[in-house]
Amino acid sequence: MSSSALYLNAMGMVSALGADKESSRATLWADACGGVAPGGGWPADRSLHLGAVLGPLPDLDVLPTSQRSRNNALMLIALSQIRQEVDAALSTCGANRMAVILGTSTSGISESEAAMAQHHASGALPETFDLAQQEIGSPAEALAGLLGVTGPAYVVSTACSSSAKAFASAARLLRAGVCDAAIVGGVDSLCQFTIAGFSALESISVSRCNPMSANRNGINIGEGAALFLVTRKPGPVRLAGWGEASDAHHISAPDPSGKGAVAAMREALQRAQLQAAEVNYLNMHGTATLQNDAMESKAIWELFGDHVPVSSTKPLTGHALGAAGAIEAAICWLSLVDNPTGLLPPHWWDGAVDASLPAISLVKPGQLRGQALDYVMSNSFAFGGSNASLVFGRVASAAQDADSSLNAAGIAPVESLVPHSGSMSLLTRVVQADAQGLQAEVHIHAEDLFCVDGVVGGWVGLEYMAQAIAAWAGWHARQRGESPRIGFLLGCRKYTSQRSAFLPGELLHVRVQVQFQADNGLGQFDCQIEIADELVATGALTVFEPPNANEFLQETNLG
């Protein structure tokens, strides 16, 4: 069974921040707030601050007329930055095993606007116009056609949560084994339609948007694209968790209680098997509208209090609607990769505190963690109460040296210590190990292999103990400079559990202690499981670890 871990192997982006990763990084951590600026030609009759991409666009001759749009041109800029990695993945997995899952909301609306304007003026449509340019699935169709991808290819269009939900959709395909690689992200482009629509909702700010301020009065519309190659092959960033919720409170206004946002964030944390305190930074949806900021700050306060640094980066990029989740995922990437001092994306605003909002911890320009970030979260909330949250984790070395991902205690990830993979890997992480034993954590969630009718049977504690012993053997092998070997559990002398079942959301502390370890590979371990300092299970297990597993299997006719 393949591993359930999903990695972002490559990232390409374009937005008001910059035309690529390097320029975007420079603008993100510049001394002054860049990106969003007045003008850009959208719209012609008003002066607005917009997150426009002002640089040259690529030639669209590589696409059929029906797919030639500003939207797809922005997408091609992002693709060019990851094309080498995408081609390599295609040659490895095959065209039918790659998927294209994108988010958008405008697609080619601006082409239709220009065509209708010409028709009104001259009575004829431009020869270059094709109504299919406006088709919402055009970006995925164009990308799949250009690359020759024959796996699933489609667009998620749920307004401002579109490209965040594209990550969740692609993750499900990868974990289900439908594909081996996916191009995931989003793209959106400026057009008169969205500017007029948000103006009608009285949600547009003429000046730079001002999230969380007492003076906030609306959004800046933006545009751009961000694409990621996502596979099970280890890469510099891991998609650790995702959460989705739909509160359907109102067609455009968020639920003021924030319960849908809380549900999405909580689900993302549970899927990532993290506690709230383990998140080092949170990228807010942060639109600078009265209702969104009030709702989101309340939801963040409920889960994180003021302990996690947060910021809205929309004063830098504008609100790119269907592409917002992908662009902000790209900002999370920049925060996790090649950022040894843990610079945090700044929260640019006028500093006018709104006393009616919870006092969440807004990032000051230049603020840093002092060490590399480990986990970051990104929120995307949309019309109709469509909520999505993503959690990304840092993998220390793009070369994927196993030792480079040691945690603060100098312990390698679980997947490099035990022979189990995918849903068979039951431990969440190892938190402590030495010559005498090991301590691991198991975060129970509803997707667990052994979760039946909403609970995990108490007997599964024995399996947790067995894997903790396997993790100790793997840790011990690494200490000797060897690779972890397969171990054989010969017997259980005793297992007692005070719990008939473990429940989703519970955090189990599994401790194993060496009683003896003979040179012939025979060992005995005393084990226990605690929940919130309460001892709930104990066991005594005997393990045999042969020097050469293949020879042992052949000699015993078990191979």
# chains A, B, ... in the order shown; residues from 1 in each chain; ligands from 1
>>> residues_around(residues="Trp459 (chain A)", least_positions_apart="3", cutoff="10 Å", atoms="only C-alpha atoms", output="list in words")
Val456, Leu462, Glu463, Tyr464, Tyr495, Thr496, Ser497, Arg499, Ser500, Ala501, Phe502 and Ala537 of chain A
>>> write_last_selection(atoms="C-alpha atoms", output="short mmCIF file (atom, residue, chain, number, x, y, z; two decimals), in the first residue's frame")
data_model
loop_
_atom_site.label_atom_id
_atom_site.label_comp_id
_atom_site.auth_asym_id
_atom_site.auth_seq_id
_atom_site.Cartn_x
_atom_site.Cartn_y
_atom_site.Cartn_z
CA VAL A 456 -11.70 2.55 17.37
CA LEU A 462 -2.20 -3.52 21.30
CA GLU A 463 -1.41 -2.54 17.69
CA TYR A 464 -0.34 0.93 18.81
CA TYR A 495 -2.80 -6.71 27.47
CA THR A 496 -5.33 -4.93 29.65
CA SER A 497 -7.47 -1.98 28.57
CA ARG A 499 -11.40 1.48 27.52
CA SER A 500 -13.70 -0.46 25.22
CA ALA A 501 -13.14 2.15 22.52
CA PHE A 502 -11.03 5.17 21.57
CA ALA A 537 -4.11 0.38 28.87
#
>>> residues_around(residues="region 393-395 of chain A", least_positions_apart="2", cutoff="12 Å", atoms="only C-alpha atoms", output="JSON, numbers by chain")
{"A": [5, 6, 7, 8, 9, 233, 234, 235, 236, 237, 238, 239, 240, 241, 242, 269, 272, 273, 274, 278, 279, 280, 281, 329, 332, 333, 334, 335, 336, 337, 338, 339, 340, 342, 372, 373, 374, 375, 376, 377, 378, 390, 391, 397, 398, 399, 400, 401, 402, 403, 404, 405, 406, 407, 412, 413]}
>>> residues_around(residues="Met284 (chain A)", least_positions_apart="6", cutoff="8 Å", atoms="only C-alpha atoms", output="PyMOL selection string")
chain A and resi 296+310-313+378-380
>>> write_last_selection(atoms="all heavy atoms", output="mmCIF file, in the first residue's frame")
data_model
loop_
_atom_site.group_PDB
_atom_site.id
_atom_site.type_symbol
_atom_site.label_atom_id
_atom_site.label_comp_id
_atom_site.auth_asym_id
_atom_site.auth_seq_id
_atom_site.Cartn_x
_atom_site.Cartn_y
_atom_site.Cartn_z
ATOM 1 N N GLU A 296 -14.106 35.869 11.083
ATOM 2 C CA GLU A 296 -12.880 35.080 11.067
ATOM 3 C C GLU A 296 -12.051 35.285 12.332
ATOM 4 O O GLU A 296 -11.493 34.334 12.887
ATOM 5 C CB GLU A 296 -12.042 35.400 9.834
ATOM 6 C CG GLU A 296 -10.835 34.484 9.707
ATOM 7 C CD GLU A 296 -10.044 34.693 8.430
ATOM 8 O OE1 GLU A 296 -10.285 35.700 7.733
ATOM 9 O OE2 GLU A 296 -9.180 33.851 8.126
ATOM 10 N N VAL A 310 -0.868 35.656 13.080
ATOM 11 C CA VAL A 310 -1.777 35.617 11.933
ATOM 12 C C VAL A 310 -1.603 36.875 11.101
ATOM 13 O O VAL A 310 -1.190 37.926 11.603
ATOM 14 C CB VAL A 310 -3.246 35.468 12.378
ATOM 15 C CG1 VAL A 310 -3.448 34.254 13.270
ATOM 16 C CG2 VAL A 310 -3.731 36.732 13.080
ATOM 17 N N SER A 311 -1.925 36.784 9.824
ATOM 18 C CA SER A 311 -1.933 37.970 8.975
ATOM 19 C C SER A 311 -2.825 37.729 7.779
ATOM 20 O O SER A 311 -3.072 36.585 7.376
ATOM 21 C CB SER A 311 -0.515 38.313 8.496
ATOM 22 O OG SER A 311 -0.023 37.339 7.587
ATOM 23 N N SER A 312 -3.314 38.817 7.221
ATOM 24 C CA SER A 312 -3.962 38.791 5.909
ATOM 25 C C SER A 312 -2.970 39.355 4.906
ATOM 26 O O SER A 312 -2.413 40.445 5.114
ATOM 27 C CB SER A 312 -5.237 39.636 5.905
ATOM 28 O OG SER A 312 -5.691 39.820 4.566
ATOM 29 N N THR A 313 -2.732 38.644 3.834
ATOM 30 C CA THR A 313 -1.800 39.120 2.804
ATOM 31 C C THR A 313 -2.517 39.751 1.619
ATOM 32 O O THR A 313 -1.899 40.054 0.605
ATOM 33 C CB THR A 313 -0.906 37.958 2.321
ATOM 34 O OG1 THR A 313 -1.730 36.819 2.009
ATOM 35 C CG2 THR A 313 0.085 37.558 3.396
ATOM 36 N N SER A 378 -3.755 27.976 6.240
ATOM 37 C CA SER A 378 -4.306 28.991 5.345
ATOM 38 C C SER A 378 -5.820 28.826 5.272
ATOM 39 O O SER A 378 -6.322 27.724 5.052
ATOM 40 C CB SER A 378 -3.701 28.857 3.944
ATOM 41 O OG SER A 378 -4.219 29.843 3.078
ATOM 42 N N ASN A 379 -6.536 29.933 5.451
ATOM 43 C CA ASN A 379 -8.003 29.925 5.416
ATOM 44 C C ASN A 379 -8.530 30.516 4.128
ATOM 45 O O ASN A 379 -7.996 31.511 3.624
ATOM 46 C CB ASN A 379 -8.571 30.747 6.581
ATOM 47 C CG ASN A 379 -8.483 30.034 7.908
ATOM 48 O OD1 ASN A 379 -8.327 28.820 7.964
ATOM 49 N ND2 ASN A 379 -8.578 30.786 8.990
ATOM 50 N N SER A 380 -9.612 29.932 3.614
ATOM 51 C CA SER A 380 -10.328 30.472 2.457
ATOM 52 C C SER A 380 -11.827 30.290 2.702
ATOM 53 O O SER A 380 -12.298 29.157 2.878
ATOM 54 C CB SER A 380 -9.924 29.739 1.172
ATOM 55 O OG SER A 380 -8.553 29.931 0.881
#
>>> atom_distance(atom1="CA of Trp29 (chain A)", atom2="CA of Ala159 (chain A)")
28.2 Å
>>> residues_around(residues="region 92-99 of chain A", least_positions_apart="2", cutoff="10 Å", atoms="only C-alpha atoms", output="PyMOL selection string")
chain A and resi 86-90+101-102+140+144+147-154+170+173-174+177-184+229-231
>>> write_last_selection(atoms="C-alpha atoms", output="PDB file, in the first residue's frame")
ATOM      1  CA  VAL A  86       5.739  18.194 -14.283  1.00  0.00           C
ATOM      2  CA  ASP A  87       7.329  16.630 -17.381  1.00  0.00           C
ATOM      3  CA  ALA A  88       9.479  14.404 -15.174  1.00  0.00           C
ATOM      4  CA  ALA A  89       6.419  13.256 -13.209  1.00  0.00           C
ATOM      5  CA  LEU A  90       4.528  12.583 -16.440  1.00  0.00           C
ATOM      6  CA  ILE A 101      -7.489  19.984 -10.387  1.00  0.00           C
ATOM      7  CA  LEU A 102      -7.816  23.775 -10.404  1.00  0.00           C
ATOM      8  CA  ALA A 140      -8.109  22.474 -16.529  1.00  0.00           C
ATOM      9  CA  ALA A 144      -4.493  18.826 -19.646  1.00  0.00           C
ATOM     10  CA  LEU A 147       0.521  18.496 -21.391  1.00  0.00           C
ATOM     11  CA  GLY A 148      -1.241  15.442 -22.814  1.00  0.00           C
ATOM     12  CA  VAL A 149      -2.706  14.514 -19.428  1.00  0.00           C
ATOM     13  CA  THR A 150      -5.526  11.956 -19.722  1.00  0.00           C
ATOM     14  CA  GLY A 151      -6.321  11.498 -16.023  1.00  0.00           C
ATOM     15  CA  PRO A 152      -9.078  13.406 -14.202  1.00  0.00           C
ATOM     16  CA  ALA A 153      -9.064  17.099 -15.154  1.00  0.00           C
ATOM     17  CA  TYR A 154     -11.623  19.534 -13.800  1.00  0.00           C
ATOM     18  CA  ALA A 170      -6.795  16.326  -5.428  1.00  0.00           C
ATOM     19  CA  LEU A 173      -7.891  11.338  -5.678  1.00  0.00           C
ATOM     20  CA  LEU A 174      -4.284  10.678  -4.676  1.00  0.00           C
ATOM     21  CA  GLY A 177      -5.150   5.669  -5.744  1.00  0.00           C
ATOM     22  CA  VAL A 178      -6.980   7.232  -8.713  1.00  0.00           C
ATOM     23  CA  CYS A 179      -3.797   9.057  -9.725  1.00  0.00           C
ATOM     24  CA  ASP A 180      -0.128   9.217  -8.775  1.00  0.00           C
ATOM     25  CA  ALA A 181       0.466  12.916  -9.420  1.00  0.00           C
ATOM     26  CA  ALA A 182      -1.689  16.025  -9.691  1.00  0.00           C
ATOM     27  CA  ILE A 183      -1.261  19.594 -10.853  1.00  0.00           C
ATOM     28  CA  VAL A 184      -3.199  21.557  -8.256  1.00  0.00           C
ATOM     29  CA  LEU A 229       2.894  19.496  -8.454  1.00  0.00           C
ATOM     30  CA  VAL A 230       1.485  17.214  -5.750  1.00  0.00           C
ATOM     31  CA  THR A 231       2.580  13.577  -5.390  1.00  0.00           C
TER      32      THR A 231
END
>>> closest_atom_pairs(of="region 416-494 of chain A", to="region 510-520 of chain A", cutoff="8 Å", atoms="only C-alpha atoms", output="Markdown table")
| residue | atom | partner | partner_atom | distance |
| --- | --- | --- | --- | --- |
| A:Gln436 | CA | A:Val514 | CA | 5.3 |
| A:Gly437 | CA | A:Gln513 | CA | 4.2 |
| A:Leu438 | CA | A:Val512 | CA | 5.5 |
| A:Gln439 | CA | A:Arg511 | CA | 4.5 |
| A:Ala440 | CA | A:Val510 | CA | 5.1 |
| A:Glu441 | CA | A:Val510 | CA | 6.0 |
| A:Val442 | CA | A:Val510 | CA | 7.4 |
| A:Tyr464 | CA | A:Val510 | CA | 7.1 |
| A:Met465 | CA | A:Val510 | CA | 6.6 |
| A:Ala468 | CA | A:Val512 | CA | 6.8 |
| A:Ile469 | CA | A:Val512 | CA | 6.5 |
>>> write_last_selection(atoms="all heavy atoms", output="PDB file, in the first residue's frame")
ATOM      1  N   GLN A 436      16.409   3.214  26.443  1.00  0.00           N
ATOM      2  CA  GLN A 436      15.529   2.483  27.349  1.00  0.00           C
ATOM      3  C   GLN A 436      14.081   2.401  26.871  1.00  0.00           C
ATOM      4  O   GLN A 436      13.301   1.625  27.402  1.00  0.00           O
ATOM      5  CB  GLN A 436      15.554   3.144  28.733  1.00  0.00           C
ATOM      6  CG  GLN A 436      16.938   3.205  29.362  1.00  0.00           C
ATOM      7  CD  GLN A 436      17.584   1.827  29.432  1.00  0.00           C
ATOM      8  OE1 GLN A 436      16.958   0.846  29.832  1.00  0.00           O
ATOM      9  NE2 GLN A 436      18.847   1.756  29.016  1.00  0.00           N
ATOM     10  N   GLY A 437      13.719   3.205  25.870  1.00  0.00           N
ATOM     11  CA  GLY A 437      12.331   3.141  25.421  1.00  0.00           C
ATOM     12  C   GLY A 437      11.958   4.299  24.514  1.00  0.00           C
ATOM     13  O   GLY A 437      12.815   5.060  24.060  1.00  0.00           O
ATOM     14  N   LEU A 438      10.661   4.438  24.311  1.00  0.00           N
ATOM     15  CA  LEU A 438      10.161   5.418  23.338  1.00  0.00           C
ATOM     16  C   LEU A 438       8.775   5.880  23.755  1.00  0.00           C
ATOM     17  O   LEU A 438       7.997   5.127  24.360  1.00  0.00           O
ATOM     18  CB  LEU A 438      10.141   4.788  21.949  1.00  0.00           C
ATOM     19  CG  LEU A 438       9.540   5.560  20.783  1.00  0.00           C
ATOM     20  CD1 LEU A 438      10.346   5.317  19.494  1.00  0.00           C
ATOM     21  CD2 LEU A 438       8.078   5.141  20.556  1.00  0.00           C
ATOM     22  N   GLN A 439       8.468   7.144  23.410  1.00  0.00           N
ATOM     23  CA  GLN A 439       7.122   7.680  23.613  1.00  0.00           C
ATOM     24  C   GLN A 439       6.593   8.172  22.271  1.00  0.00           C
ATOM     25  O   GLN A 439       7.266   8.922  21.562  1.00  0.00           O
ATOM     26  CB  GLN A 439       7.125   8.828  24.618  1.00  0.00           C
ATOM     27  CG  GLN A 439       5.741   9.460  24.822  1.00  0.00           C
ATOM     28  CD  GLN A 439       5.785  10.641  25.756  1.00  0.00           C
ATOM     29  OE1 GLN A 439       6.734  10.798  26.520  1.00  0.00           O
ATOM     30  NE2 GLN A 439       4.769  11.479  25.703  1.00  0.00           N
ATOM     31  N   ALA A 440       5.384   7.755  21.922  1.00  0.00           N
ATOM     32  CA  ALA A 440       4.752   8.158  20.665  1.00  0.00           C
ATOM     33  C   ALA A 440       3.363   8.697  20.940  1.00  0.00           C
ATOM     34  O   ALA A 440       2.788   8.475  22.018  1.00  0.00           O
ATOM     35  CB  ALA A 440       4.680   6.979  19.702  1.00  0.00           C
ATOM     36  N   GLU A 441       2.826   9.406  19.972  1.00  0.00           N
ATOM     37  CA  GLU A 441       1.463   9.913  20.048  1.00  0.00           C
ATOM     38  C   GLU A 441       0.623   9.313  18.930  1.00  0.00           C
ATOM     39  O   GLU A 441       1.111   9.089  17.815  1.00  0.00           O
ATOM     40  CB  GLU A 441       1.441  11.440  19.934  1.00  0.00           C
ATOM     41  CG  GLU A 441       2.040  12.150  21.130  1.00  0.00           C
ATOM     42  CD  GLU A 441       1.988  13.660  20.988  1.00  0.00           C
ATOM     43  OE1 GLU A 441       1.684  14.158  19.875  1.00  0.00           O
ATOM     44  OE2 GLU A 441       2.265  14.348  21.988  1.00  0.00           O
ATOM     45  N   VAL A 442      -0.630   9.062  19.243  1.00  0.00           N
ATOM     46  CA  VAL A 442      -1.615   8.610  18.257  1.00  0.00           C
ATOM     47  C   VAL A 442      -2.816   9.531  18.360  1.00  0.00           C
ATOM     48  O   VAL A 442      -3.454   9.609  19.410  1.00  0.00           O
ATOM     49  CB  VAL A 442      -2.050   7.147  18.501  1.00  0.00           C
ATOM     50  CG1 VAL A 442      -3.144   6.763  17.515  1.00  0.00           C
ATOM     51  CG2 VAL A 442      -0.864   6.207  18.392  1.00  0.00           C
ATOM     52  N   TYR A 464      -1.112  -0.285  18.567  1.00  0.00           N
ATOM     53  CA  TYR A 464      -0.343   0.930  18.807  1.00  0.00           C
ATOM     54  C   TYR A 464       0.950   0.617  19.560  1.00  0.00           C
ATOM     55  O   TYR A 464       2.019   1.160  19.257  1.00  0.00           O
ATOM     56  CB  TYR A 464      -1.175   1.937  19.607  1.00  0.00           C
ATOM     57  CG  TYR A 464      -2.444   2.395  18.927  1.00  0.00           C
ATOM     58  CD1 TYR A 464      -3.580   2.670  19.667  1.00  0.00           C
ATOM     59  CD2 TYR A 464      -2.505   2.559  17.542  1.00  0.00           C
ATOM     60  CE1 TYR A 464      -4.759   3.097  19.057  1.00  0.00           C
ATOM     61  CE2 TYR A 464      -3.670   2.991  16.925  1.00  0.00           C
ATOM     62  CZ  TYR A 464      -4.798   3.255  17.687  1.00  0.00           C
ATOM     63  OH  TYR A 464      -5.944   3.680  17.079  1.00  0.00           O
ATOM     64  N   MET A 465       0.840  -0.268  20.554  1.00  0.00           N
ATOM     65  CA  MET A 465       2.037  -0.660  21.299  1.00  0.00           C
ATOM     66  C   MET A 465       3.038  -1.365  20.395  1.00  0.00           C
ATOM     67  O   MET A 465       4.247  -1.094  20.445  1.00  0.00           O
ATOM     68  CB  MET A 465       1.651  -1.581  22.459  1.00  0.00           C
ATOM     69  CG  MET A 465       0.821  -0.909  23.538  1.00  0.00           C
ATOM     70  SD  MET A 465       0.282  -2.117  24.793  1.00  0.00           S
ATOM     71  CE  MET A 465      -0.650  -1.063  25.912  1.00  0.00           C
ATOM     72  N   ALA A 468       4.775   1.105  18.227  1.00  0.00           N
ATOM     73  CA  ALA A 468       5.718   1.902  19.007  1.00  0.00           C
ATOM     74  C   ALA A 468       7.013   1.129  19.238  1.00  0.00           C
ATOM     75  O   ALA A 468       8.115   1.706  19.206  1.00  0.00           O
ATOM     76  CB  ALA A 468       5.085   2.313  20.339  1.00  0.00           C
ATOM     77  N   ILE A 469       6.906  -0.189  19.461  1.00  0.00           N
ATOM     78  CA  ILE A 469       8.100  -1.025  19.604  1.00  0.00           C
ATOM     79  C   ILE A 469       8.871  -1.059  18.282  1.00  0.00           C
ATOM     80  O   ILE A 469      10.104  -0.966  18.246  1.00  0.00           O
ATOM     81  CB  ILE A 469       7.727  -2.447  20.058  1.00  0.00           C
ATOM     82  CG1 ILE A 469       7.153  -2.402  21.481  1.00  0.00           C
ATOM     83  CG2 ILE A 469       8.926  -3.385  19.982  1.00  0.00           C
ATOM     84  CD1 ILE A 469       6.571  -3.719  21.948  1.00  0.00           C
TER      85      ILE A 469
END
>>> residues_around(residues="Ala330 (chain A)", least_positions_apart="4", cutoff="9 Å", atoms="only C-alpha atoms", output="list of chain:residue names")
A:Met11, A:Gly12, A:Met13, A:Lys21, A:Ala226, A:Leu227, A:Phe228, A:Gly325, A:Ala326, A:Leu334, A:Ser335
>>> write_last_selection(atoms="all heavy atoms", output="short mmCIF file (atom, residue, chain, number, x, y, z; two decimals), in the first residue's frame")
data_model
loop_
_atom_site.label_atom_id
_atom_site.label_comp_id
_atom_site.auth_asym_id
_atom_site.auth_seq_id
_atom_site.Cartn_x
_atom_site.Cartn_y
_atom_site.Cartn_z
N MET A 11 6.43 24.49 -7.07
CA MET A 11 5.44 25.58 -7.02
C MET A 11 5.81 26.68 -8.01
O MET A 11 6.97 27.07 -8.12
CB MET A 11 5.38 26.16 -5.60
CG MET A 11 4.33 27.25 -5.42
SD MET A 11 4.89 28.93 -5.83
CE MET A 11 5.84 29.35 -4.36
N GLY A 12 4.81 27.16 -8.73
CA GLY A 12 4.97 28.31 -9.61
C GLY A 12 3.86 29.30 -9.33
O GLY A 12 2.73 28.91 -9.06
N MET A 13 4.17 30.60 -9.41
CA MET A 13 3.15 31.60 -9.07
C MET A 13 3.36 32.89 -9.83
O MET A 13 4.48 33.23 -10.25
CB MET A 13 3.17 31.89 -7.57
CG MET A 13 4.42 32.59 -7.07
SD MET A 13 4.45 32.87 -5.27
CE MET A 13 3.05 33.95 -5.02
N LYS A 21 8.52 33.05 -8.04
CA LYS A 21 8.77 32.85 -6.61
C LYS A 21 9.74 33.90 -6.06
O LYS A 21 9.53 34.43 -4.97
CB LYS A 21 9.33 31.44 -6.36
CG LYS A 21 8.37 30.31 -6.62
CD LYS A 21 8.91 29.00 -6.09
CE LYS A 21 10.10 28.49 -6.89
NZ LYS A 21 9.70 28.02 -8.23
N ALA A 226 -1.40 30.25 -9.20
CA ALA A 226 -0.38 29.46 -8.49
C ALA A 226 -0.67 28.00 -8.78
O ALA A 226 -1.82 27.55 -8.68
CB ALA A 226 -0.41 29.73 -6.99
N LEU A 227 0.37 27.27 -9.18
CA LEU A 227 0.25 25.85 -9.49
C LEU A 227 1.27 25.06 -8.70
O LEU A 227 2.40 25.53 -8.47
CB LEU A 227 0.47 25.60 -10.99
CG LEU A 227 -0.51 26.21 -11.97
CD1 LEU A 227 -0.11 25.85 -13.41
CD2 LEU A 227 -1.94 25.77 -11.70
N PHE A 228 0.89 23.86 -8.30
CA PHE A 228 1.74 22.97 -7.52
C PHE A 228 1.71 21.57 -8.15
O PHE A 228 0.66 21.12 -8.61
CB PHE A 228 1.24 22.85 -6.08
CG PHE A 228 1.18 24.16 -5.34
CD1 PHE A 228 0.11 25.03 -5.53
CD2 PHE A 228 2.17 24.53 -4.46
CE1 PHE A 228 0.04 26.23 -4.86
CE2 PHE A 228 2.10 25.73 -3.77
CZ PHE A 228 1.04 26.59 -3.97
N GLY A 325 -7.00 31.05 -2.69
CA GLY A 325 -6.50 29.94 -1.87
C GLY A 325 -5.17 29.42 -2.37
O GLY A 325 -4.28 29.09 -1.58
N ALA A 326 -4.99 29.34 -3.70
CA ALA A 326 -3.74 28.83 -4.27
C ALA A 326 -2.62 29.84 -4.08
O ALA A 326 -1.49 29.47 -3.74
CB ALA A 326 -3.93 28.51 -5.75
N LEU A 334 6.39 29.86 0.47
CA LEU A 334 7.53 30.76 0.64
C LEU A 334 7.92 30.89 2.11
O LEU A 334 9.10 31.06 2.44
CB LEU A 334 7.19 32.14 0.08
CG LEU A 334 6.95 32.22 -1.44
CD1 LEU A 334 6.50 33.62 -1.83
CD2 LEU A 334 8.19 31.82 -2.23
N SER A 335 6.93 30.79 2.99
CA SER A 335 7.20 30.89 4.43
C SER A 335 7.89 29.65 4.98
O SER A 335 8.63 29.73 5.96
CB SER A 335 5.89 31.12 5.18
OG SER A 335 5.23 32.29 4.73
#
>>> decode(residues="region 182-187 of chain A", atoms="all heavy atoms", output="CSV table (one decimal), in the first residue's frame")
chain,number,residue,atom,x,y,z
A,182,ALA,N,-0.6,15.1,-9.3
A,182,ALA,CA,-1.7,16.0,-9.7
A,182,ALA,C,-1.1,17.4,-9.8
A,182,ALA,O,-0.2,17.8,-9.0
A,182,ALA,CB,-2.8,16.0,-8.7
A,183,ILE,N,-1.5,18.2,-10.8
A,183,ILE,CA,-1.3,19.6,-10.9
A,183,ILE,C,-2.4,20.3,-10.2
A,183,ILE,O,-3.6,20.2,-10.6
A,183,ILE,CB,-1.1,20.1,-12.3
A,183,ILE,CG1,0.0,19.3,-13.0
A,183,ILE,CG2,-0.8,21.6,-12.3
A,183,ILE,CD1,0.1,19.6,-14.5
A,184,VAL,N,-2.2,21.0,-9.1
A,184,VAL,CA,-3.2,21.6,-8.3
A,184,VAL,C,-3.0,23.1,-8.1
A,184,VAL,O,-1.8,23.5,-8.0
A,184,VAL,CB,-3.2,20.9,-6.9
A,184,VAL,CG1,-4.4,21.4,-6.0
A,184,VAL,CG2,-3.2,19.4,-7.0
A,185,GLY,N,-4.0,23.8,-8.1
A,185,GLY,CA,-3.9,25.3,-7.8
A,185,GLY,C,-5.1,26.0,-8.3
A,185,GLY,O,-6.2,25.5,-8.2
A,186,GLY,N,-4.8,27.3,-8.7
A,186,GLY,CA,-5.9,28.1,-9.1
A,186,GLY,C,-5.5,29.3,-10.0
A,186,GLY,O,-4.3,29.6,-10.0
A,187,VAL,N,-6.4,29.9,-10.7
A,187,VAL,CA,-6.1,31.0,-11.5
A,187,VAL,C,-7.4,31.9,-11.6
A,187,VAL,O,-8.5,31.3,-11.7
A,187,VAL,CB,-5.7,30.6,-12.9
A,187,VAL,CG1,-6.7,29.7,-13.6
A,187,VAL,CG2,-5.3,31.8,-13.8
